[in-house]
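Trainee: Input file: input07.cif. Contents: mmCIF, C-alpha atoms.
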```cif
data_my_file
loop_
_atom_site.group_PDB
_atom_site.id
_atom_site.type_symbol
_atom_site.label_atom_id
_atom_site.label_comp_id
_atom_site.auth_asym_id
_atom_site.auth_seq_id
_atom_site.Cartn_x
_atom_site.Cartn_y
_atom_site.Cartn_z
ATOM 1 C CA MET A 1 97.060 92.793 101.343
ATOM 2 C CA GLU A 2 93.732 94.570 101.354
ATOM 3 C CA LEU A 3 93.478 98.205 102.280
ATOM 4 C CA LYS A 4 90.338 97.237 104.123
ATOM 5 C CA GLN A 5 92.459 95.515 106.752
ATOM 6 C CA LEU A 6 94.546 98.644 107.216
ATOM 7 C CA VAL A 7 91.454 100.736 107.927
ATOM 8 C CA GLU A 8 90.015 98.054 110.173
ATOM 9 C CA TYR A 9 93.194 97.859 112.247
ATOM 10 C CA ILE A 10 93.445 101.621 112.745
ATOM 11 C CA ALA A 11 89.739 102.062 113.484
ATOM 12 C CA LYS A 12 89.658 99.247 116.042
ATOM 13 C CA ALA A 13 92.647 100.748 117.831
ATOM 14 C CA LEU A 14 91.013 104.181 118.013
ATOM 15 C CA VAL A 15 87.603 103.311 119.419
ATOM 16 C CA ASP A 16 86.082 102.186 122.710
ATOM 17 C CA ASN A 17 84.054 99.425 121.029
ATOM 18 C CA PRO A 18 86.337 97.585 118.592
ATOM 19 C CA ASP A 19 83.820 94.761 118.228
ATOM 20 C CA LYS A 20 81.401 97.266 116.689
ATOM 21 C CA VAL A 21 83.828 98.221 113.925
ATOM 22 C CA GLU A 22 82.737 97.052 110.481
ATOM 23 C CA VAL A 23 84.591 97.682 107.261
ATOM 24 C CA GLN A 24 83.334 96.921 103.772
ATOM 25 C CA GLU A 25 85.350 97.279 100.622
ATOM 26 C CA ASN A 26 83.650 97.770 97.306
ATOM 27 C CA ALA A 27 86.208 97.305 94.579
ATOM 28 C CA LEU A 28 85.465 99.280 91.465
ATOM 29 C CA GLU A 29 87.568 99.263 88.339
ATOM 30 C CA HIS A 30 90.303 101.715 89.318
ATOM 31 C CA THR A 31 89.432 102.525 92.859
ATOM 32 C CA SER A 32 87.818 100.912 95.821
ATOM 33 C CA ILE A 33 85.416 102.468 98.255
ATOM 34 C CA ILE A 34 86.078 101.548 101.856
ATOM 35 C CA LEU A 35 83.098 102.042 104.088
ATOM 36 C CA LEU A 36 83.769 102.262 107.811
ATOM 37 C CA ARG A 37 81.055 101.788 110.399
ATOM 38 C CA VAL A 38 81.607 102.271 114.120
ATOM 39 C CA ALA A 39 79.373 102.497 117.179
ATOM 40 C CA LYS A 40 77.571 105.824 117.320
ATOM 41 C CA GLU A 41 79.468 106.900 120.434
ATOM 42 C CA ASP A 42 82.771 106.170 118.684
ATOM 43 C CA LEU A 43 82.098 108.355 115.647
ATOM 44 C CA GLY A 44 84.012 111.250 117.180
ATOM 45 C CA LYS A 45 87.034 109.012 117.692
ATOM 46 C CA VAL A 46 87.356 108.101 114.021
ATOM 47 C CA ILE A 47 86.455 111.545 112.740
ATOM 48 C CA GLY A 48 88.312 113.697 115.253
ATOM 49 C CA ARG A 49 88.303 117.407 115.801
ATOM 50 C CA GLU A 50 87.437 119.131 112.531
ATOM 51 C CA GLY A 51 87.793 115.790 110.782
ATOM 52 C CA LYS A 52 91.480 115.531 111.565
ATOM 53 C CA THR A 53 91.519 111.824 112.424
ATOM 54 C CA ALA A 54 89.517 110.916 109.329
ATOM 55 C CA ARG A 55 91.860 113.045 107.235
ATOM 56 C CA ALA A 56 94.913 111.323 108.735
ATOM 57 C CA MET A 57 93.426 107.906 107.915
ATOM 58 C CA ARG A 58 92.801 109.034 104.327
ATOM 59 C CA THR A 59 96.389 110.272 104.042
ATOM 60 C CA ILE A 60 97.750 106.943 105.296
ATOM 61 C CA LEU A 61 95.423 105.125 102.927
ATOM 62 C CA ALA A 62 96.707 107.205 100.018
ATOM 63 C CA ALA A 63 100.324 106.479 101.001
ATOM 64 C CA ALA A 64 99.565 102.764 101.234
ATOM 65 C CA SER A 65 97.907 102.743 97.827
ATOM 66 C CA THR A 66 101.111 104.021 96.181
ATOM 67 C CA LYS A 67 102.700 100.629 96.639
ATOM 68 C CA LEU A 68 99.584 98.548 96.096
ATOM 69 C CA ARG A 69 98.894 100.569 92.943
ATOM 70 C CA LYS A 70 95.278 100.786 93.827
ATOM 71 C CA ARG A 71 93.333 103.884 94.783
ATOM 72 C CA ALA A 72 91.035 103.791 97.743
ATOM 73 C CA GLN A 73 88.486 106.175 99.111
ATOM 74 C CA LEU A 74 87.452 106.102 102.744
ATOM 75 C CA GLU A 75 83.871 106.842 103.697
ATOM 76 C CA ILE A 76 82.630 106.902 107.243
ATOM 77 C CA ALA A 77 78.994 105.937 107.777
ATOM 78 C CA GLU A 78 77.219 108.388 110.058
ATOM 79 C CA MET B 1 107.718 109.059 142.613
ATOM 80 C CA SER B 2 109.777 106.501 140.767
ATOM 81 C CA GLU B 3 109.488 108.271 137.451
ATOM 82 C CA PRO B 4 112.904 109.121 136.018
ATOM 83 C CA GLU B 5 111.420 111.176 133.192
ATOM 84 C CA GLY B 6 109.562 113.387 135.634
ATOM 85 C CA GLY B 7 110.150 117.098 135.506
ATOM 86 C CA ASP B 8 111.763 116.584 132.139
ATOM 87 C CA ASP B 9 108.436 116.745 130.429
ATOM 88 C CA ARG B 10 108.913 120.043 128.683
ATOM 89 C CA ARG B 11 112.552 119.714 127.776
ATOM 90 C CA GLU B 12 111.790 120.223 124.125
ATOM 91 C CA ALA B 13 110.521 123.735 124.278
ATOM 92 C CA PRO B 14 109.210 124.036 120.720
ATOM 93 C CA GLY B 15 106.934 121.035 121.255
ATOM 94 C CA GLY B 16 103.284 121.083 122.067
ATOM 95 C CA ASP B 17 101.788 120.992 118.605
ATOM 96 C CA GLU B 18 101.566 118.159 116.134
ATOM 97 C CA ALA B 19 105.302 117.681 116.253
ATOM 98 C CA GLU B 20 104.922 115.548 119.321
ATOM 99 C CA THR B 21 101.328 114.740 119.229
ATOM 100 C CA THR B 22 99.611 113.899 122.436
ATOM 101 C CA GLY B 23 96.805 111.423 122.205
ATOM 102 C CA GLY B 24 94.012 113.716 123.262
ATOM 103 C CA ASP B 25 92.036 115.869 120.906
ATOM 104 C CA ALA B 26 90.281 119.092 121.727
ATOM 105 C CA GLU B 27 87.107 117.457 122.987
ATOM 106 C CA THR B 28 88.934 115.599 125.707
ATOM 107 C CA ALA B 29 92.281 117.313 126.106
ATOM 108 C CA SER B 30 90.832 120.460 127.606
ATOM 109 C CA ALA B 31 89.152 118.425 130.321
ATOM 110 C CA ALA B 32 92.383 116.757 131.352
ATOM 111 C CA PRO B 33 94.775 118.573 133.635
ATOM 112 C CA ALA B 34 98.115 118.963 131.908
ATOM 113 C CA SER B 35 100.192 117.434 134.616
ATOM 114 C CA PRO B 36 103.542 116.016 133.645
ATOM 115 C CA ALA B 37 103.708 112.266 133.153
ATOM 116 C CA GLY B 38 106.164 112.026 136.010
ATOM 117 C CA ALA B 39 103.584 113.210 138.502
ATOM 118 C CA GLU B 40 101.707 109.950 138.143
ATOM 119 C CA PRO B 41 102.546 106.825 140.053
ATOM 120 C CA GLY B 42 103.879 104.173 137.702
ATOM 121 C CA GLY B 43 105.066 106.736 135.156
ATOM 122 C CA ALA B 44 107.958 104.588 133.953
ATOM 123 C CA ASP B 45 105.577 101.698 133.320
ATOM 124 C CA LEU B 46 103.347 104.107 131.456
ATOM 125 C CA VAL B 47 106.185 105.144 129.171
ATOM 126 C CA ALA B 48 107.197 101.516 128.599
ATOM 127 C CA GLU B 49 103.617 100.576 127.758
ATOM 128 C CA ALA B 50 103.192 103.613 125.504
ATOM 129 C CA MET B 51 106.362 102.648 123.653
ATOM 130 C CA ARG B 52 105.174 99.079 123.228
ATOM 131 C CA VAL B 53 101.811 100.199 121.830
ATOM 132 C CA ALA B 54 103.371 102.850 119.559
ATOM 133 C CA GLU B 55 105.887 100.357 118.181
ATOM 134 C CA GLU B 56 103.301 97.641 117.609
ATOM 135 C CA THR B 57 100.872 100.100 116.028
ATOM 136 C CA CYS B 58 103.496 101.398 113.593
ATOM 137 C CA ARG B 59 104.563 97.878 112.720
ATOM 138 C CA GLU B 60 100.985 96.771 112.039
ATOM 139 C CA ILE B 61 100.168 99.856 109.986
ATOM 140 C CA MET B 62 103.338 99.393 107.923
ATOM 141 C CA ARG B 63 102.633 95.700 107.416
ATOM 142 C CA ARG B 64 99.048 96.325 106.343
ATOM 143 C CA SER B 65 100.246 99.053 103.988
ATOM 144 C CA GLY B 66 102.531 96.501 102.366
ATOM 145 C CA PHE B 67 105.592 98.583 103.317
ATOM 146 C CA ASP B 68 108.981 96.998 103.829
ATOM 147 C CA VAL B 69 110.329 99.001 106.778
ATOM 148 C CA ARG B 70 111.924 98.344 110.128
ATOM 149 C CA VAL B 71 110.377 99.955 113.193
ATOM 150 C CA LEU B 72 112.745 101.034 115.964
ATOM 151 C CA ALA B 73 111.486 102.461 119.244
ATOM 152 C CA ALA B 74 113.120 104.354 122.087
ATOM 153 C CA PRO B 75 111.426 105.040 125.433
ATOM 154 C CA GLY B 76 111.004 108.467 126.968
ATOM 155 C CA ASP B 77 108.659 111.388 126.623
ATOM 156 C CA PRO B 78 108.222 111.709 123.751
ATOM 157 C CA VAL B 79 108.426 108.050 122.846
ATOM 158 C CA ARG B 80 110.509 108.028 119.680
ATOM 159 C CA ILE B 81 109.796 105.787 116.731
ATOM 160 C CA GLU B 82 112.181 105.582 113.796
ATOM 161 C CA LEU B 83 111.256 103.921 110.512
ATOM 162 C CA GLN B 84 113.930 102.637 108.134
ATOM 163 C CA GLY B 85 113.989 100.595 104.963
ATOM 164 C CA PRO B 86 113.264 100.457 101.247
ATOM 165 C CA ASP B 87 109.736 101.858 101.567
ATOM 166 C CA ALA B 88 110.584 104.539 104.120
ATOM 167 C CA GLY B 89 110.181 107.311 101.551
ATOM 168 C CA ARG B 90 106.544 106.340 100.968
ATOM 169 C CA ILE B 91 105.727 107.118 104.581
ATOM 170 C CA ILE B 92 107.004 110.662 104.288
ATOM 171 C CA GLY B 93 104.556 111.655 101.585
ATOM 172 C CA ARG B 94 104.180 115.074 100.066
ATOM 173 C CA ARG B 95 105.894 117.624 102.316
ATOM 174 C CA GLY B 96 105.840 115.076 105.119
ATOM 175 C CA ALA B 97 102.042 114.810 105.154
ATOM 176 C CA ALA B 98 101.912 111.033 105.443
ATOM 177 C CA LEU B 99 104.503 111.015 108.209
ATOM 178 C CA GLN B 100 102.530 113.666 110.067
ATOM 179 C CA ALA B 101 99.327 111.639 109.619
ATOM 180 C CA LEU B 102 101.010 108.466 110.864
ATOM 181 C CA GLN B 103 102.405 110.231 113.917
ATOM 182 C CA TYR B 104 99.021 111.733 114.687
ATOM 183 C CA LEU B 105 97.195 108.401 114.427
ATOM 184 C CA VAL B 106 99.793 106.549 116.491
ATOM 185 C CA ALA B 107 99.598 109.236 119.183
ATOM 186 C CA ARG B 108 95.799 108.989 119.198
ATOM 187 C CA ILE B 109 95.989 105.216 119.527
ATOM 188 C CA VAL B 110 98.529 105.432 122.348
ATOM 189 C CA GLY B 111 96.238 108.018 123.952
ATOM 190 C CA GLN B 112 93.274 105.694 123.629
ATOM 191 C CA ARG B 113 95.008 102.576 124.883
ATOM 192 C CA VAL B 114 97.577 103.835 127.385
ATOM 193 C CA SER B 115 97.670 107.494 128.299
ATOM 194 C CA ARG B 116 97.295 110.680 126.399
ATOM 195 C CA ARG B 117 99.975 112.246 128.542
ATOM 196 C CA VAL B 118 102.745 110.358 126.772
ATOM 197 C CA ARG B 119 103.791 112.059 123.565
ATOM 198 C CA VAL B 120 104.924 110.196 120.466
ATOM 199 C CA LYS B 121 107.322 111.319 117.783
ATOM 200 C CA VAL B 122 107.730 109.359 114.556
ATOM 201 C CA ASP B 123 110.593 109.989 112.163
ATOM 202 C CA VAL B 124 111.772 108.377 108.953
ATOM 203 C CA GLU B 125 115.522 107.970 108.526
ATOM 204 C CA GLY B 126 116.174 111.361 110.054
ATOM 205 C CA TYR B 127 113.725 113.111 107.692
ATOM 206 C CA ARG B 128 112.525 115.593 110.297
ATOM 207 C CA VAL B 129 116.022 116.671 111.240
ATOM 208 C CA ARG B 130 116.979 117.179 107.588
ATOM 209 C CA ARG B 131 113.739 118.995 106.895
ATOM 210 C CA GLU B 132 114.221 121.295 109.887
ATOM 211 C CA ASN B 133 117.731 122.176 108.756
ATOM 212 C CA ALA B 134 116.453 122.885 105.245
ATOM 213 C CA LEU B 135 113.644 125.055 106.644
ATOM 214 C CA ARG B 136 116.064 127.078 108.778
ATOM 215 C CA ALA B 137 118.291 127.660 105.753
ATOM 216 C CA LEU B 138 115.270 128.665 103.670
ATOM 217 C CA ALA B 139 114.126 131.052 106.412
ATOM 218 C CA GLN B 140 117.535 132.737 106.532
ATOM 219 C CA ARG B 141 117.862 133.012 102.745
ATOM 220 C CA THR B 142 114.387 134.455 102.441
ATOM 221 C CA ALA B 143 114.975 136.896 105.308
ATOM 222 C CA ASP B 144 118.105 138.156 103.532
ATOM 223 C CA GLN B 145 116.050 138.663 100.387
ATOM 224 C CA VAL B 146 113.309 140.480 102.325
ATOM 225 C CA VAL B 147 115.892 142.903 103.727
ATOM 226 C CA ARG B 148 117.613 143.370 100.372
ATOM 227 C CA GLU B 149 114.435 143.988 98.401
ATOM 228 C CA ARG B 150 112.518 145.667 101.241
ATOM 229 C CA ARG B 151 109.347 143.690 100.587
ATOM 230 C CA ALA B 152 107.356 140.935 102.282
ATOM 231 C CA ILE B 153 107.801 137.406 100.941
ATOM 232 C CA GLU B 154 105.492 134.457 101.561
ATOM 233 C CA LEU B 155 106.737 130.902 101.830
ATOM 234 C CA GLU B 156 104.930 127.774 100.641
ATOM 235 C CA PRO B 157 102.093 126.437 102.823
ATOM 236 C CA MET B 158 103.455 124.420 105.737
ATOM 237 C CA SER B 159 102.292 122.358 108.698
ATOM 238 C CA PRO B 160 102.127 124.060 112.127
ATOM 239 C CA GLU B 161 105.333 122.272 113.092
ATOM 240 C CA GLU B 162 107.178 123.534 110.038
ATOM 241 C CA ARG B 163 105.872 127.084 110.440
ATOM 242 C CA ARG B 164 107.099 127.018 113.996
ATOM 243 C CA VAL B 165 110.612 126.119 112.836
ATOM 244 C CA VAL B 166 110.606 129.136 110.500
ATOM 245 C CA HIS B 167 109.208 131.515 113.156
ATOM 246 C CA LEU B 168 111.785 130.359 115.685
ATOM 247 C CA ALA B 169 114.642 130.547 113.170
ATOM 248 C CA LEU B 170 113.933 134.249 112.664
ATOM 249 C CA ALA B 171 112.724 135.129 116.161
ATOM 250 C CA ASP B 172 115.989 136.867 117.044
ATOM 251 C CA ASP B 173 116.474 138.515 113.665
ATOM 252 C CA GLY B 174 115.995 142.250 114.243
ATOM 253 C CA ASP B 175 115.668 143.038 110.537
ATOM 254 C CA VAL B 176 112.578 140.961 109.809
ATOM 255 C CA ARG B 177 109.459 139.723 111.503
ATOM 256 C CA THR B 178 107.238 136.773 110.645
ATOM 257 C CA GLU B 179 103.541 136.060 110.693
ATOM 258 C CA SER B 180 101.271 133.304 109.459
ATOM 259 C CA VAL B 181 98.652 134.023 106.828
ATOM 260 C CA GLY B 182 95.941 131.929 105.188
ATOM 261 C CA GLU B 183 93.769 129.257 106.714
ATOM 262 C CA GLY B 184 93.939 125.487 107.163
ATOM 263 C CA PRO B 185 96.194 123.580 104.777
ATOM 264 C CA ASP B 186 96.933 126.835 102.954
ATOM 265 C CA ARG B 187 98.421 128.511 106.035
ATOM 266 C CA ARG B 188 101.930 129.814 105.393
ATOM 267 C CA VAL B 189 104.621 132.020 106.845
ATOM 268 C CA CYS B 190 105.069 135.548 105.602
ATOM 269 C CA ILE B 191 108.433 137.218 106.265
ATOM 270 C CA LEU B 192 108.317 141.032 106.403
ATOM 271 C CA PRO B 193 110.795 143.810 106.976
ATOM 272 C CA ALA B 194 110.784 144.543 110.720
ATOM 273 C CA ASP B 195 109.626 148.138 110.169
ATOM 274 C CA ASP B 196 106.752 147.106 107.899
ATOM 275 C CA ASP B 197 103.876 147.282 110.359
ATOM 276 C CA ASP B 198 101.069 147.110 107.818
ATOM 277 C CA GLY B 199 100.086 143.476 108.037
ATOM 278 C CA ASP B 200 96.901 144.086 106.036
ATOM 279 C CA ARG B 201 98.888 144.454 102.876
ATOM 280 C CA THR B 202 99.891 140.832 102.871
ATOM 281 C CA PRO B 203 97.648 138.566 100.819
ATOM 282 C CA GLY B 204 95.446 136.233 102.798
ATOM 283 C CA GLY B 205 93.912 138.727 105.174
ATOM 284 C CA PRO B 206 94.869 140.801 108.138
ATOM 285 C CA ALA B 207 97.886 139.942 110.167
ATOM 286 C CA ARG B 208 97.273 137.806 113.187
ATOM 287 C CA GLY B 209 100.405 138.866 114.991
ATOM 288 C CA SER B 210 103.926 137.607 114.648
ATOM 289 C CA LYS B 211 104.998 134.358 116.280
ATOM 290 C CA ALA B 212 101.316 133.417 116.189
ATOM 291 C CA ASP B 213 102.152 129.764 115.717
ATOM 292 C CA ALA B 214 103.668 129.579 119.142
ATOM 293 C CA GLU B 215 100.083 129.488 120.371
ATOM 294 C CA GLU B 216 98.614 127.271 117.685
#
```
Can you present the structure in this file as structure tokens?
Mentor:
Amino acid sequence: MELKQLVEYIAKALVDNPDKVEVQENALEHTSIILLRVAKEDLGKVIGREGKTARAMRTILAAASTKLRKRAQLEIAE
Amino acid sequence: MSEPEGGDDRREAPGGDEAETTGGDAETASAAPASPAGAEPGGADLVAEAMRVAEETCREIMRRSGFDVRVLAAPGDPVRIELQGPDAGRIIGRRGAALQALQYLVARIVGQRVSRRVRVKVDVEGYRVRRENALRALAQRTADQVVRERRAIELEPMSPEERRVVHLALADDGDVRTESVGEGPDRRVCILPADDDDGDRTPGGPARGSKADAEE
């Protein structure tokens, strides 16, 4: 199971334009960088008020990586 | 008019913050009139659909996290989701942070796909109930200590929901009063002797008034 798919599922459910959601995962040695791209008008939906939605996604990602034993960092392309 | 939940919308008085997160955020929530779900035609269908989406969303998030948990759902407002199984503890996270994050995301997704008027509450094997009982006991113990030692005592940083439990636990205690100090994730409850009216002495800045979290 890739953490990328977790982010992709959540992001697609949050936005108005799920077909514009793109997620790339760059696996480094100990951690992977997950880059999320959404339609410009959906940015607010994945970031949220004061970054709360983005923070919640990062928290879920961190919880998921405890079992997968793999650290992941979520970045949202602006 | 067929909505059985109608008028029952506020039956859990301490709600209204992240404890039962509604789907809307500040940008949109303020624009929406806060009418109870029951005022809408088709309210029961709305609740059923919200439950279906919340359940499916939790199940998919758990599956993609590689977590072995069962997802149980009960209709109503709030829609209640209960997670059980070997990996349930992983969803709680540090001081319940992961559980809070999951609940928030699921509520946002239900808000996006169904209606932001239906609230969602996610619990893990009764974690919230146990945590609330522990918080009430902590509040009472600390209040006793505040009275005995005649000094203000600060608790650990807590979520708005948890601070609310502490404020409410001591709301009727005439010997102490409570206020929240600090900002953001560092925000915590301070318990003071009731006759100590100098809030500025507490670390973390001036007092913002007791029971402040009721409005947060």
Trainee: Using all atoms listed in the file for the distances, tell me which of A:Lys12, A:His30, A:Lys40, A:Lys67 is nearest to Leu105 in chain B.
Mentor: A:Lys12
Trainee: Could you list, as a list of chain:residue names, the residues of chain A having an atom within 8 Å of chain B when counting only C-alpha atoms?
Mentor: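 Written out as asked, the residues are A:Met1, A:Glu2, A:Leu3, A:Gln5, A:Leu6, A:Tyr9, A:Ile10, A:Ala13, A:Leu14, A:Val15, A:Gly48, A:Arg49, A:Thr53, A:Arg55, A:Ala56, A:Met57, A:Thr59, A:Ile60, A:Leu61, A:Ala63, A:Ala64, A:Ser65, A:Thr66, A:Lys67, A:Leu68.
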Trainee: Work out how far apart CA of Ala171 in chain B and CA of Arg130 in chain B are and give it in Å to one decimal.
Mentor: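 According to the coordinates, CA of Ala171 in chain B and CA of Arg130 in chain B are separated by 20.3 Å.
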Trainee: Between CA of Ala137 in chain B and CA of Asp186 in chain B, what is the distance in Å, rounded to a tenth?
Mentor: 21.6 Å
Trainee: Could you please determine the separation between CA of Asp42 in chain A and CA of Asp45 in chain B in Å, to one decimal place?
Mentor: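 We find that CA of Asp42 in chain A and CA of Asp45 in chain B lie 27.5 Å from each other.
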Trainee: So which residues touch Glu75 in chain A within 10 Å, counting only C-alpha atoms, skipping near sequence neighbours fewer than 3 positions away, as a list in words?
Mentor: Val23, Gln24, Ile33, Ile34, Leu35, Leu36, Arg37, Ala54, Arg58, Ala72 and Glu78 of chain A
Trainee: With C-alpha atoms retained, write the just-selected residues as a PDB file, keeping the file's coordinate frame.
Mentor:
```pdb
ATOM      1  CA  VAL A  23      84.591  97.682 107.261  1.00  0.00           C
ATOM      2  CA  GLN A  24      83.334  96.921 103.772  1.00  0.00           C
ATOM      3  CA  ILE A  33      85.416 102.468  98.255  1.00  0.00           C
ATOM      4  CA  ILE A  34      86.078 101.548 101.856  1.00  0.00           C
ATOM      5  CA  LEU A  35      83.098 102.042 104.088  1.00  0.00           C
ATOM      6  CA  LEU A  36      83.769 102.262 107.811  1.00  0.00           C
ATOM      7  CA  ARG A  37      81.055 101.788 110.399  1.00  0.00           C
ATOM      8  CA  ALA A  54      89.517 110.916 109.329  1.00  0.00           C
ATOM      9  CA  ARG A  58      92.801 109.034 104.327  1.00  0.00           C
ATOM     10  CA  ALA A  72      91.035 103.791  97.743  1.00  0.00           C
ATOM     11  CA  GLU A  78      77.219 108.388 110.058  1.00  0.00           C
TER      12      GLU A  78
END
```
Trainee: Counting all atoms listed in the file, which residue out of A:Gly51, A:Val46, A:Ala39, A:Glu25 sits closest to Ala11 in chain A?
Mentor: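 Of the candidates, the smallest distance to Ala11 in chain A is held by A:Val46.
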Trainee: Kindly resolve the PyMOL selection byres ((chain B and resi 79) around 10) on the present coordinates and return the residues as JSON, numbers by chain.
Mentor: {"B": [20, 47, 48, 50, 51, 52, 54, 55, 73, 74, 75, 76, 77, 78, 80, 81, 107, 118, 119, 120, 121, 122]}
Trainee: Around range 131-135 of chain B, fit a box with edges along x, y and z, padding it by 5 Å on each side, then list its centre and edge lengths in Å to one decimal as AutoDock Vina command-line options.
Mentor:
```
--center_x 115.7 --center_y 122.0 --center_z 107.6 --size_x 14.1 --size_y 16.1 --size_z 14.6
```
Trainee: Complete range 85-100 of chain B with N, CA, C and O atoms (output as a PDB file, in the coordinates of the input).
Mentor:
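result-v6.pdb, freshly written:
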```
ATOM      1  N   GLY B  85     114.127 101.682 105.931  1.00  0.00           N
ATOM      2  CA  GLY B  85     113.989 100.595 104.963  1.00  0.00           C
ATOM      3  C   GLY B  85     113.622 101.081 103.586  1.00  0.00           C
ATOM      4  O   GLY B  85     113.435 102.271 103.359  1.00  0.00           O
ATOM      5  N   PRO B  86     113.482 100.118 102.656  1.00  0.00           N
ATOM      6  CA  PRO B  86     113.264 100.457 101.247  1.00  0.00           C
ATOM      7  C   PRO B  86     112.015 101.313 101.009  1.00  0.00           C
ATOM      8  O   PRO B  86     112.008 102.135 100.104  1.00  0.00           O
ATOM      9  N   ASP B  87     110.975 101.119 101.810  1.00  0.00           N
ATOM     10  CA  ASP B  87     109.736 101.858 101.567  1.00  0.00           C
ATOM     11  C   ASP B  87     109.598 103.085 102.458  1.00  0.00           C
ATOM     12  O   ASP B  87     108.526 103.713 102.517  1.00  0.00           O
ATOM     13  N   ALA B  88     110.674 103.431 103.157  1.00  0.00           N
ATOM     14  CA  ALA B  88     110.584 104.539 104.120  1.00  0.00           C
ATOM     15  C   ALA B  88     110.098 105.835 103.469  1.00  0.00           C
ATOM     16  O   ALA B  88     109.309 106.581 104.051  1.00  0.00           O
ATOM     17  N   GLY B  89     110.561 106.082 102.244  1.00  0.00           N
ATOM     18  CA  GLY B  89     110.181 107.311 101.551  1.00  0.00           C
ATOM     19  C   GLY B  89     108.673 107.437 101.350  1.00  0.00           C
ATOM     20  O   GLY B  89     108.127 108.543 101.340  1.00  0.00           O
ATOM     21  N   ARG B  90     107.998 106.310 101.195  1.00  0.00           N
ATOM     22  CA  ARG B  90     106.544 106.340 100.968  1.00  0.00           C
ATOM     23  C   ARG B  90     105.787 106.853 102.185  1.00  0.00           C
ATOM     24  O   ARG B  90     104.660 107.324 102.085  1.00  0.00           O
ATOM     25  N   ILE B  91     106.409 106.700 103.354  1.00  0.00           N
ATOM     26  CA  ILE B  91     105.727 107.118 104.581  1.00  0.00           C
ATOM     27  C   ILE B  91     105.878 108.613 104.794  1.00  0.00           C
ATOM     28  O   ILE B  91     105.173 109.213 105.592  1.00  0.00           O
ATOM     29  N   ILE B  92     106.821 109.219 104.112  1.00  0.00           N
ATOM     30  CA  ILE B  92     107.004 110.662 104.288  1.00  0.00           C
ATOM     31  C   ILE B  92     105.878 111.402 103.574  1.00  0.00           C
ATOM     32  O   ILE B  92     105.232 112.270 104.154  1.00  0.00           O
ATOM     33  N   GLY B  93     105.642 111.027 102.331  1.00  0.00           N
ATOM     34  CA  GLY B  93     104.556 111.655 101.585  1.00  0.00           C
ATOM     35  C   GLY B  93     104.922 113.064 101.151  1.00  0.00           C
ATOM     36  O   GLY B  93     106.044 113.519 101.340  1.00  0.00           O
ATOM     37  N   ARG B  94     103.955 113.726 100.576  1.00  0.00           N
ATOM     38  CA  ARG B  94     104.180 115.074 100.066  1.00  0.00           C
ATOM     39  C   ARG B  94     104.385 116.037 101.233  1.00  0.00           C
ATOM     40  O   ARG B  94     103.524 116.145 102.104  1.00  0.00           O
ATOM     41  N   ARG B  95     105.525 116.692 101.234  1.00  0.00           N
ATOM     42  CA  ARG B  95     105.894 117.624 102.316  1.00  0.00           C
ATOM     43  C   ARG B  95     105.711 117.015 103.703  1.00  0.00           C
ATOM     44  O   ARG B  95     105.324 117.679 104.653  1.00  0.00           O
ATOM     45  N   GLY B  96     105.923 115.714 103.806  1.00  0.00           N
ATOM     46  CA  GLY B  96     105.840 115.076 105.119  1.00  0.00           C
ATOM     47  C   GLY B  96     104.430 114.807 105.606  1.00  0.00           C
ATOM     48  O   GLY B  96     104.222 114.452 106.772  1.00  0.00           O
ATOM     49  N   ALA B  97     103.436 114.940 104.722  1.00  0.00           N
ATOM     50  CA  ALA B  97     102.042 114.810 105.154  1.00  0.00           C
ATOM     51  C   ALA B  97     101.715 113.413 105.681  1.00  0.00           C
ATOM     52  O   ALA B  97     101.015 113.273 106.690  1.00  0.00           O
ATOM     53  N   ALA B  98     102.238 112.390 105.005  1.00  0.00           N
ATOM     54  CA  ALA B  98     101.912 111.033 105.443  1.00  0.00           C
ATOM     55  C   ALA B  98     102.580 110.726 106.780  1.00  0.00           C
ATOM     56  O   ALA B  98     101.982 110.098 107.666  1.00  0.00           O
ATOM     57  N   LEU B  99     103.794 111.210 106.944  1.00  0.00           N
ATOM     58  CA  LEU B  99     104.503 111.015 108.209  1.00  0.00           C
ATOM     59  C   LEU B  99     103.761 111.713 109.356  1.00  0.00           C
ATOM     60  O   LEU B  99     103.597 111.163 110.446  1.00  0.00           O
ATOM     61  N   GLN B 100     103.289 112.910 109.068  1.00  0.00           N
ATOM     62  CA  GLN B 100     102.530 113.666 110.067  1.00  0.00           C
ATOM     63  C   GLN B 100     101.235 112.919 110.422  1.00  0.00           C
ATOM     64  O   GLN B 100     100.858 112.829 111.584  1.00  0.00           O
TER      65      GLN B 100
END
```
